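Each remark here refers to the structure printed beneath this line.
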Amino acid sequence: MNQFICTACGTQYPASSTPPKICTICEEERQYVNPNGQAWTTLEELIQSQQYENNILLEEENLYSINTSPSFGIGQTAYLVKGKDYNLLWDCITFIDENTKEKIAQLGGINAIALSHPHYYSAQIEWAEAFGVPIYIHEDDQEWIMNPSDRIILWSGETLVLNEGLTIHRLGGHFKGGAVLHWEAGNEGKGVLLTGDIIQVVADRKWVSFMYSYPNLIPLPAKKVREMADKVKPLSFNRIYNAFHKIVKEDANHSVQLSADRYIKAIQGEWFQT
């Protein structure tokens, strides 16, 4: 019995004697099946290959990025937010080994895991079991949990306060339960928003964007983008970190509002001549 992992998206499935016929995450239009066909591995195979390691980097005071080298699956970055007696892992990656566990233990460990959306559920149960912690997922995305566990706590509503100064906000958009994390103490008290790709930092780091499907370039409707921007407007944050190590370093809330305005004009055809 193995817990098979999709090599395209990094999602781990429950123990079985043979791999699943399909990866439900990749078959859906917000992801994709590798053109060479569905392929599977296991965490044990990844560790035994000795090809992978996790890089844990200090981004700013009390914030560490965690990603795998060489890139595996979608290639996202997870973040460890350190608070007073409470450390949160925001989003998750597939690869975890003893070296990773030791390094994180030296940073004070993890008290909880919270997820922005299903593409980053990856091997969240491996991480939760390693540190003996709960996982917080919005109930609107329950159907996308491929590897169930008693460690998963489904939350509801629009906000969830995890600890003092750490609040999850449901924005929807990319996924119905799509969420962002507001870290009030981040960036020297100016506030940080960790967004996964619910709000996506683009190549020009002064701007962000919004999509239903990133790999398949399916946009969101203007009404939804306005709703998402309005939800974060009251929050105090000067910086954004996305899931691919792109950062809006300053005046980030203003960037979100301008970006939403630009997106809506574009999607409604106000920029274009026919």
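We name chains A, B, ... following the order of the structure tokens; residues begin at 1 in each chain, and ligands are numbered from 1 as shown.
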
For region 179-215 of chain A versus region 121-137 of chain A, which residues have an atom no more than 12 Å away, and what is each residue's nearest atom pair and distance in Å rounded to one decimal, using only C-alpha atoms, chain-then-number order, as CSV?
```
residue,atom,partner,partner_atom,distance
A:Ala179,CA,A:Ile137,CA,8.9
A:Val180,CA,A:Ile137,CA,11.4
A:Leu181,CA,A:Tyr136,CA,11.7
A:Gly196,CA,A:Tyr121,CA,11.6
```

So, with only C-alpha atoms as the atoms that count, which of A:Ser116, A:Ser49, A:Gln31, A:Gln38 lies closest to Leu194 (chain A)?
A:Ser116

Which neighbours of Leu88 (chain A) fall inside 9 Å, counting only C-alpha atoms, when residues of the same chain fewer than 6 positions from it are skipped, and could you give them as an NGL selection string?
:A and (79-82 or 109-114 or 162 or 166)

Could you pull out the strand (DSSP E or B) residues of region 46-201 of chain A, going by DSSP on the backbone, and write them as a PyMOL selection string?
chain A and resi 53-60+63-69+78-83+86-90+112-114+135-138+152-155+159-163+166-170+179-183+192-194+200-201

Pick from A:Trp144, A:Tyr52, A:Trp155, A:Tyr241: nearest to Cys26 (chain A), with only C-alpha atoms counted?
A:Trp144

For Asn55 (chain A), which residue among A:Pro20, A:Phe95, A:Asn36, A:Asn2 is the nearest when counting only C-alpha atoms?
A:Phe95

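Taking only C-alpha atoms, the non-local environment of Ile264 (chain A) within 8 Å (same-chain residues fewer than 6 positions away omitted) comprises Ala222, Val225 and Arg226 of chain A.
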
Those same residues - N, CA and C atoms - I'd like them written as a PDB file, in the first residue's frame.
```pdb
ATOM      1  N   ALA A 222     -15.830  40.451 -13.924  1.00  0.00           N
ATOM      2  CA  ALA A 222     -15.519  41.740 -13.311  1.00  0.00           C
ATOM      3  C   ALA A 222     -16.171  41.892 -11.939  1.00  0.00           C
ATOM      4  N   VAL A 225     -14.133  40.123  -9.238  1.00  0.00           N
ATOM      5  CA  VAL A 225     -12.874  40.811  -8.939  1.00  0.00           C
ATOM      6  C   VAL A 225     -13.123  42.048  -8.077  1.00  0.00           C
ATOM      7  N   ARG A 226     -14.163  42.793  -8.377  1.00  0.00           N
ATOM      8  CA  ARG A 226     -14.505  43.944  -7.548  1.00  0.00           C
ATOM      9  C   ARG A 226     -14.829  43.517  -6.118  1.00  0.00           C
TER      10      ARG A 226
END
```

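Excluding Asn242 (chain A) itself and any same-chain residue fewer than 4 positions from it, the protein and nucleic acid residues within 7 Å of it, counting only C-alpha atoms, are Leu194, Thr195, Gly196, Asp197, Gln200, Val201, Lys246 and Ile247 of chain A.
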
List as a list in words the protein and nucleic acid residues near Leu160 (chain A), meaning an atom at most 7 Å away when only C-alpha atoms are counted, but skip any in the same chain fewer than 6 places from it.
Thr167, Ile168 and His169 of chain A
